[in-house]
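Q: CSV, C-alpha atoms and all ligand atoms, file data.csv:
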```
chain,number,residue,atom,x,y,z
A,24,MET,CA,0.0,0.0,0.0
A,25,ILE,CA,1.5,3.3,-1.0
A,26,SER,CA,1.4,6.5,1.1
A,27,HIS,CA,-1.5,8.8,0.5
A,28,LYS,CA,0.7,11.9,0.7
A,29,PRO,CA,0.3,13.9,-2.5
A,30,LEU,CA,4.1,14.0,-3.1
A,31,ASP,CA,4.4,10.3,-2.7
A,32,ILE,CA,1.4,9.7,-5.0
A,33,ILE,CA,3.0,11.9,-7.6
A,34,ASN,CA,6.3,10.1,-7.4
A,35,HIS,CA,4.7,6.7,-7.4
A,36,TRP,CA,2.7,7.4,-10.6
A,37,LYS,CA,5.5,9.2,-12.3
A,38,GLU,CA,7.4,5.9,-12.1
A,39,ILE,CA,4.4,3.8,-13.2
A,40,LEU,CA,3.7,6.0,-16.2
A,41,GLY,CA,7.4,6.3,-17.2
A,42,LEU,CA,7.5,10.1,-16.6
A,43,GLU,CA,10.7,10.0,-14.5
A,44,ASN,CA,12.3,12.6,-16.8
A,45,GLU,CA,9.6,15.1,-16.2
A,46,THR,CA,9.9,17.6,-13.4
A,47,ILE,CA,6.5,17.9,-11.6
A,48,LYS,CA,6.0,20.5,-8.9
A,49,SER,CA,3.0,20.2,-6.7
A,50,VAL,CA,1.4,23.2,-5.1
A,51,GLU,CA,-1.2,22.7,-2.3
A,52,VAL,CA,-3.8,25.5,-2.1
A,53,PRO,CA,-6.8,26.0,0.2
A,54,GLU,CA,-10.1,24.6,-1.2
A,55,SER,CA,-11.4,28.1,-1.5
A,56,HIS,CA,-9.0,28.5,-4.5
A,57,PHE,CA,-11.4,26.4,-6.5
A,58,LEU,CA,-14.7,27.9,-5.6
A,59,ASN,CA,-15.0,30.0,-8.7
A,60,LYS,CA,-13.2,27.7,-11.0
A,61,GLU,CA,-15.7,25.2,-12.1
A,62,LEU,CA,-13.4,24.0,-14.8
A,63,TYR,CA,-11.0,22.6,-12.3
A,64,PRO,CA,-12.8,20.5,-9.7
A,65,GLY,CA,-10.1,20.2,-7.1
A,66,ALA,CA,-6.9,20.2,-9.2
A,67,TYR,CA,-5.3,21.2,-12.4
A,68,VAL,CA,-2.0,20.8,-14.2
A,69,PHE,CA,-0.1,23.1,-16.6
A,70,TYR,CA,3.3,23.4,-18.0
A,71,GLU,CA,5.5,26.2,-16.9
A,72,CYS,CA,7.7,27.0,-20.0
A,73,ASP,CA,10.1,29.3,-18.2
A,74,ASN,CA,11.0,26.7,-15.5
A,75,LYS,CA,10.6,23.7,-17.8
A,76,ARG,CA,8.4,21.9,-15.4
A,77,TRP,CA,4.8,20.7,-14.8
A,78,VAL,CA,2.8,22.2,-12.0
A,79,ILE,CA,0.0,20.4,-10.4
A,80,VAL,CA,-2.2,22.7,-8.2
A,81,TYR,CA,-4.5,20.8,-5.9
A,82,GLY,CA,-6.8,21.6,-3.0
A,83,LYS,CA,-6.1,20.5,0.5
A,84,ASN,CA,-8.7,17.7,0.5
A,85,ILE,CA,-7.8,16.3,-2.9
A,86,GLU,CA,-8.7,12.7,-3.5
A,87,GLN,CA,-6.0,10.3,-4.5
A,88,LYS,CA,-7.8,9.5,-7.7
A,89,ASP,CA,-8.1,13.1,-8.8
A,90,LEU,CA,-4.4,13.7,-8.3
A,91,ILE,CA,-3.5,10.7,-10.4
A,92,HIS,CA,-5.9,12.0,-13.0
A,93,GLU,CA,-3.8,15.1,-13.3
A,94,ILE,CA,-0.6,13.1,-13.8
A,95,GLY,CA,-2.5,11.1,-16.3
A,96,HIS,CA,-2.9,14.2,-18.4
A,97,ILE,CA,0.9,14.5,-18.7
A,98,TYR,CA,1.0,10.8,-19.7
A,99,LEU,CA,-1.6,11.3,-22.3
A,100,LEU,CA,0.3,14.2,-23.9
A,101,LYS,CA,3.4,11.9,-24.0
A,102,HIS,CA,1.4,9.0,-25.4
A,103,LEU,CA,0.1,11.4,-28.2
A,104,ASN,CA,3.6,12.5,-28.9
A,105,TRP,CA,2.5,16.1,-28.1
A,106,PHE,CA,5.1,17.1,-25.5
A,107,ASP,CA,7.2,19.3,-27.7
A,108,ILE,CA,4.2,21.3,-28.9
A,109,HIS,CA,2.6,21.5,-25.5
A,110,LYS,CA,5.8,22.6,-23.9
A,111,SER,CA,6.5,25.4,-26.3
A,112,PRO,CA,5.3,28.9,-25.3
A,113,ARG,CA,2.2,30.3,-27.0
A,114,LYS,CA,2.9,33.4,-29.1
A,115,GLU,CA,-0.2,35.1,-27.8
A,116,ARG,CA,-2.9,34.5,-25.2
A,117,PRO,CA,-5.6,32.4,-26.9
A,118,LYS,CA,-9.2,33.5,-26.8
A,119,PHE,CA,-11.0,30.3,-25.9
A,120,ASN,CA,-14.7,29.7,-26.1
A,121,LYS,CA,-15.3,28.5,-22.5
A,122,ASP,CA,-18.1,26.1,-23.4
A,123,ILE,CA,-16.1,24.4,-26.2
A,124,LYS,CA,-13.1,24.2,-24.0
A,125,ARG,CA,-15.1,22.6,-21.2
A,126,LEU,CA,-16.6,20.0,-23.5
A,127,TYR,CA,-13.3,19.3,-25.1
A,128,ASN,CA,-11.7,18.7,-21.7
A,129,GLY,CA,-14.5,16.4,-20.7
A,130,LEU,CA,-13.9,14.3,-23.8
A,131,LEU,CA,-10.1,14.4,-23.4
A,132,ASP,CA,-10.6,13.2,-19.9
A,133,CYS,CA,-12.1,10.0,-21.3
A,134,PHE,CA,-8.9,9.1,-23.1
A,135,ASN,CA,-6.9,10.0,-19.9
A,136,GLU,CA,-9.2,7.7,-17.8
A,137,HIS,CA,-9.0,4.9,-20.4
A,138,HIS,CA,-5.2,4.8,-20.2
A,139,LEU,CA,-5.1,5.0,-16.4
A,140,TYR,CA,-7.7,2.4,-16.0
A,141,ARG,CA,-5.3,-0.2,-17.4
A,142,PHE,CA,-3.4,0.0,-14.1
A,143,GLU,CA,-5.2,-2.1,-11.4
A,144,GLU,CA,-4.5,0.4,-8.6
A,145,TYR,CA,-6.3,3.1,-10.5
A,146,MET,CA,-9.0,0.8,-11.8
A,147,ILE,CA,-10.1,0.0,-8.2
A,148,LEU,CA,-10.3,3.8,-7.4
A,149,HIS,CA,-12.1,4.6,-10.6
A,150,ASN,CA,-14.6,1.8,-10.1
A,151,GLU,CA,-15.4,3.1,-6.6
A,152,PHE,CA,-15.9,6.5,-8.1
A,153,LEU,CA,-18.1,5.4,-11.0
A,154,VAL,CA,-20.2,3.2,-8.8
A,155,SER,CA,-20.8,5.8,-6.2
A,156,GLU,CA,-21.7,8.5,-8.8
A,157,LEU,CA,-24.7,6.3,-9.8
A,158,GLU,CA,-26.3,7.3,-6.5
A,159,CYS,CA,-26.1,11.0,-7.4
A,160,ARG,CA,-29.2,12.7,-8.8
A,161,TYR,CA,-27.8,15.6,-10.7
A,162,ILE,CA,-30.4,18.1,-9.9
A,163,HIS,CA,-28.2,20.7,-8.3
A,164,PHE,CA,-27.0,22.2,-11.5
A,165,ASN,CA,-29.1,25.3,-11.6
A,166,ASN,CA,-26.3,27.8,-11.3
A,167,VAL,CA,-23.8,26.5,-13.7
A,168,PRO,CA,-23.4,26.8,-17.4
A,169,LEU,CA,-25.3,24.3,-19.6
A,170,ALA,CA,-21.9,23.0,-20.7
A,171,LYS,CA,-21.2,21.6,-17.2
A,172,PRO,CA,-24.0,18.9,-17.1
A,173,LEU,CA,-23.4,18.4,-20.9
A,174,GLY,CA,-19.7,17.7,-20.3
A,175,MET,CA,-20.6,15.3,-17.5
A,176,TYR,CA,-23.0,13.4,-19.8
A,177,LEU,CA,-20.3,13.0,-22.5
A,178,PHE,CA,-17.8,11.8,-19.8
A,179,PHE,CA,-20.2,9.4,-18.0
A,180,TYR,CA,-21.7,8.0,-21.1
A,181,ILE,CA,-18.2,6.9,-22.3
A,182,ALA,CA,-17.1,5.8,-18.8
A,183,TYR,CA,-20.1,3.5,-18.2
A,184,ASN,CA,-20.2,2.1,-21.7
A,185,PHE,CA,-16.5,1.8,-22.6
A,186,ILE,CA,-14.3,2.2,-19.6
A,187,ILE,CA,-15.7,0.4,-16.6
A,188,ILE,CA,-15.2,-3.4,-16.7
A,189,GLU,CA,-17.9,-5.5,-18.3
A,190,GLN,CA,-18.9,-7.3,-15.2
A,191,ILE,CA,-19.8,-4.1,-13.3
A,192,ARG,CA,-21.4,-2.7,-16.4
A,193,ASP,CA,-23.7,-5.8,-16.7
A,194,ASP,CA,-24.4,-6.0,-13.0
A,195,LEU,CA,-25.4,-2.3,-12.7
A,196,ALA,CA,-27.0,-1.9,-16.2
A,197,PHE,CA,-30.3,-0.8,-14.7
A,198,TYR,CA,-28.7,1.9,-12.5
A,199,ILE,CA,-26.4,3.1,-15.3
A,200,ASN,CA,-29.3,3.5,-17.7
A,201,TYR,CA,-31.3,5.2,-15.0
A,202,PHE,CA,-28.4,7.6,-14.2
A,203,LEU,CA,-27.8,8.5,-17.8
A,204,ALA,CA,-31.5,9.0,-18.5
A,205,GLY,CA,-31.8,11.3,-15.5
A,206,LEU,CA,-28.9,13.4,-16.7
A,207,ARG,CA,-30.4,13.6,-20.2
A,208,GLU,CA,-33.7,14.8,-18.7
A,209,HIS,CA,-31.9,17.3,-16.6
A,210,ILE,CA,-30.0,18.7,-19.6
A,211,ILE,CA,-33.1,18.9,-21.8
A,212,LYS,CA,-34.9,20.9,-19.1
A,213,LYS,CA,-31.9,23.2,-18.4
A,214,ALA,CA,-31.3,23.7,-22.1
A,215,LYS,CA,-34.9,24.8,-22.5
A,216,ASP,CA,-34.6,27.2,-19.5
A,217,VAL,CA,-31.6,29.0,-21.1
A,218,GLY,CA,-33.1,29.0,-24.6
A,219,LYS,CA,-30.6,26.5,-26.1
A,220,GLU,CA,-32.9,23.6,-27.1
A,221,ILE,CA,-31.7,20.1,-26.9
A,222,ASN,CA,-34.0,17.1,-27.5
A,223,GLN,CA,-33.9,13.3,-27.3
A,224,GLU,CA,-33.2,13.2,-31.1
A,225,ILE,CA,-29.9,15.1,-30.5
A,226,PHE,CA,-29.0,12.6,-27.8
A,227,ILE,CA,-29.5,9.7,-30.2
A,228,ARG,CA,-27.1,11.3,-32.6
A,229,LEU,CA,-24.8,12.2,-29.8
A,230,ASP,CA,-24.7,8.6,-28.4
A,231,ALA,CA,-24.0,7.2,-31.8
A,232,GLU,CA,-20.9,9.5,-32.2
A,233,LEU,CA,-19.8,8.8,-28.6
A,234,ASP,CA,-19.9,5.1,-29.4
A,235,LYS,CA,-17.0,5.6,-31.8
A,236,PHE,CA,-14.8,6.2,-28.8
A,237,ASN,CA,-14.3,2.4,-28.5
A,238,GLN,CA,-12.6,2.2,-31.9
A,239,ILE,CA,-10.2,5.1,-31.4
A,240,LYS,CA,-9.5,5.0,-27.6
A,241,ASP,CA,-5.9,3.8,-28.1
A,242,THR,CA,-5.0,6.2,-30.8
A,243,ARG,CA,-1.6,8.0,-30.7
A,244,HIS,CA,-2.7,10.8,-33.0
A,245,ILE,CA,-4.2,14.0,-31.5
A,246,LYS,CA,-5.8,14.6,-35.0
A,247,ILE,CA,-7.9,11.5,-34.6
A,248,ILE,CA,-9.0,12.7,-31.1
A,249,ASN,CA,-9.8,16.1,-32.5
A,250,ASP,CA,-11.9,14.7,-35.4
A,251,PHE,CA,-13.8,12.6,-32.9
A,252,ILE,CA,-14.5,15.7,-30.7
A,253,TYR,CA,-15.4,17.8,-33.7
A,254,GLU,CA,-18.0,15.3,-34.8
A,255,ILE,CA,-19.6,15.2,-31.4
A,256,LEU,CA,-19.6,19.0,-30.8
A,257,SER,CA,-20.9,19.8,-34.2
A,258,ILE,CA,-24.1,18.1,-33.3
A,259,PHE,CA,-24.9,21.0,-31.0
A,260,PRO,CA,-26.4,24.1,-32.7
A,261,TYR,CA,-24.4,26.5,-30.6
A,262,TRP,CA,-21.5,27.4,-32.8
A,263,SER,CA,-20.6,27.4,-36.4
A,264,LYS,CA,-18.4,24.6,-37.8
A,265,LYS,CA,-15.8,27.2,-38.6
A,266,GLU,CA,-15.7,28.5,-35.0
A,267,LEU,CA,-15.6,24.9,-33.7
A,268,LEU,CA,-12.7,23.9,-35.9
A,269,GLU,CA,-10.8,27.1,-35.0
A,270,GLN,CA,-11.4,26.5,-31.3
A,271,LEU,CA,-10.3,22.8,-31.4
A,272,ASN,CA,-7.1,23.7,-33.2
A,273,LEU,CA,-6.5,26.5,-30.7
A,274,ILE,CA,-7.1,24.3,-27.7
A,275,SER,CA,-5.0,21.4,-29.0
A,276,ARG,CA,-2.5,23.6,-30.8
A,277,LEU,CA,-2.8,21.7,-34.0
A,301,ZN,ZN,-8.9,16.1,-16.6
```
Is it possible to give me this structure as structure tokens?

A:
Amino acid sequence: MISHKPLDIINHWKEILGLENETIKSVEVPESHFLNKELYPGAYVFYECDNKRWVIVYGKNIEQKDLIHEIGHIYLLKHLNWFDIHKSPRKERPKFNKDIKRLYNGLLDCFNEHHLYRFEEYMILHNEFLVSELECRYIHFNNVPLAKPLGMYLFFYIAYNFIIIEQIRDDLAFYINYFLAGLREHIIKKAKDVGKEINQEIFIRLDAELDKFNQIKDTRHIKIINDFIYEILSIFPYWSKKELLEQLNLISRL
């Protein structure tokens, strides 16, 4: 059993994921740091070009799984052969569309989780998380942007269909379907409230695109991931295809 101290967890997973050559600095901050940062629930990671190191910022009460998830993002970039580009400084500060970025990150997280899930230690933690989430009724989303529950839907649909082991999926099929149906209902209602209509038909198309995750989950090409995300996000009538493409390229730096 490894220590649960953040520094020990980081070092342990650096080794497991073959990231020994990377310098990772960890910075603990009070939980209040995250209160207004819905994008980063409890932790985030970024590359500091000047100091040539990764920085993981995490809240005092971070869960082990969430910390490993952040290290997983570094691993994913390596797996995609995207280190050099990600580590080079941006020429100018990019103007992101926050909603697209949020959904992009939610989908990228699926690839991250897929890779981490192959390690039994993480699989156990992730199973615990996914099983416990099934008890949540997501009805407390009234004060967040629509992209938040939408991003969760994309993430959980893939997690329950293509990441979690078959046995749990089969055993809990009823609860999983109930959970996803509840999330869909919530999104349809919230979308209506904010004048951005989404209906069941959109979800049918969405699910069909999300199903393609299974064929590409091991890809080593960021272009394939971007194309996958493009097809999914272009289902929503919230942005032009041109804007979507520009944003995906900006986020991934393609
Ligand atoms: Zn993430």

Q: Within 8 Å of ligand ZN 301 (chain A), which residues show up when you count all atoms listed in the file? List them as a CSV table (one decimal) with C-alpha atoms, keeping the file's coordinate frame, please.

A:
```csv
chain,number,residue,atom,x,y,z
A,67,TYR,CA,-5.3,21.2,-12.4
A,92,HIS,CA,-5.9,12.0,-13.0
A,93,GLU,CA,-3.8,15.1,-13.3
A,96,HIS,CA,-2.9,14.2,-18.4
A,128,ASN,CA,-11.7,18.7,-21.7
A,129,GLY,CA,-14.5,16.4,-20.7
A,131,LEU,CA,-10.1,14.4,-23.4
A,132,ASP,CA,-10.6,13.2,-19.9
A,135,ASN,CA,-6.9,10.0,-19.9
```

Q: Give me, please, the distance in Å between CA of Glu269 in chain A and CA of Glu115 in chain A, quoted to one decimal.

A: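 Taking CA of Glu269 in chain A as the start and CA of Glu115 in chain A as the end point, the length is 15.1 Å.
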
Q: Please indicate the distance in Å from CA of Ile255 in chain A to CA of Glu208 in chain A, rounded to one decimal place.

A: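 Interatomic distance here is 19.0 Å.
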
Q: How many Å lie between CA of Glu232 in chain A and CA of Glu220 in chain A, rounded to one decimal?

A: 19.2 Å

Q: Using only C-alpha atoms, which residue out of A:Lys171, A:Asn120, A:Ala66, A:Glu136 lies closest to Leu148 in chain A?

A: A:Glu136

Q: Give me the residues near Tyr81 in chain A as an mmCIF file with C-alpha atoms, keeping the file's coordinate frame, where near means some atom within 8 Å (using all atoms listed in the file) and where sequence neighbours in that chain fewer than 3 positions away do not count.

A:
```cif
data_model
loop_
_atom_site.group_PDB
_atom_site.id
_atom_site.type_symbol
_atom_site.label_atom_id
_atom_site.label_comp_id
_atom_site.auth_asym_id
_atom_site.auth_seq_id
_atom_site.Cartn_x
_atom_site.Cartn_y
_atom_site.Cartn_z
ATOM 1 C CA SER A 49 3.000 20.200 -6.700
ATOM 2 C CA VAL A 50 1.400 23.200 -5.100
ATOM 3 C CA GLU A 51 -1.200 22.700 -2.300
ATOM 4 C CA VAL A 52 -3.800 25.500 -2.100
ATOM 5 C CA GLY A 65 -10.100 20.200 -7.100
ATOM 6 C CA ALA A 66 -6.900 20.200 -9.200
ATOM 7 C CA TYR A 67 -5.300 21.200 -12.400
ATOM 8 C CA ILE A 85 -7.800 16.300 -2.900
ATOM 9 C CA LEU A 90 -4.400 13.700 -8.300
#
```

Q: Given the point (-8.5, 9.9, -32.2) in the file's coordinates, find the residues that have an atom at most 12 Å from it, counting only C-alpha atoms, and give them as a list in words.

A: Leu103, Leu130, Leu131, Cys133, Phe134, Leu233, Lys235, Phe236, Asn237, Gln238, Ile239, Lys240, Asp241, Thr242, Arg243, His244, Ile245, Lys246, Ile247, Ile248, Asn249, Asp250, Phe251, Ile252, Tyr253 and Glu254 of chain A

Q: I need the residue nearest His137 in chain A from this list: A:Ser155, A:Ile94, A:Ile187, A:Lys114. Use only C-alpha atoms for the distance.

A: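 Among the listed residues, A:Ile187 lies closest to His137 in chain A.
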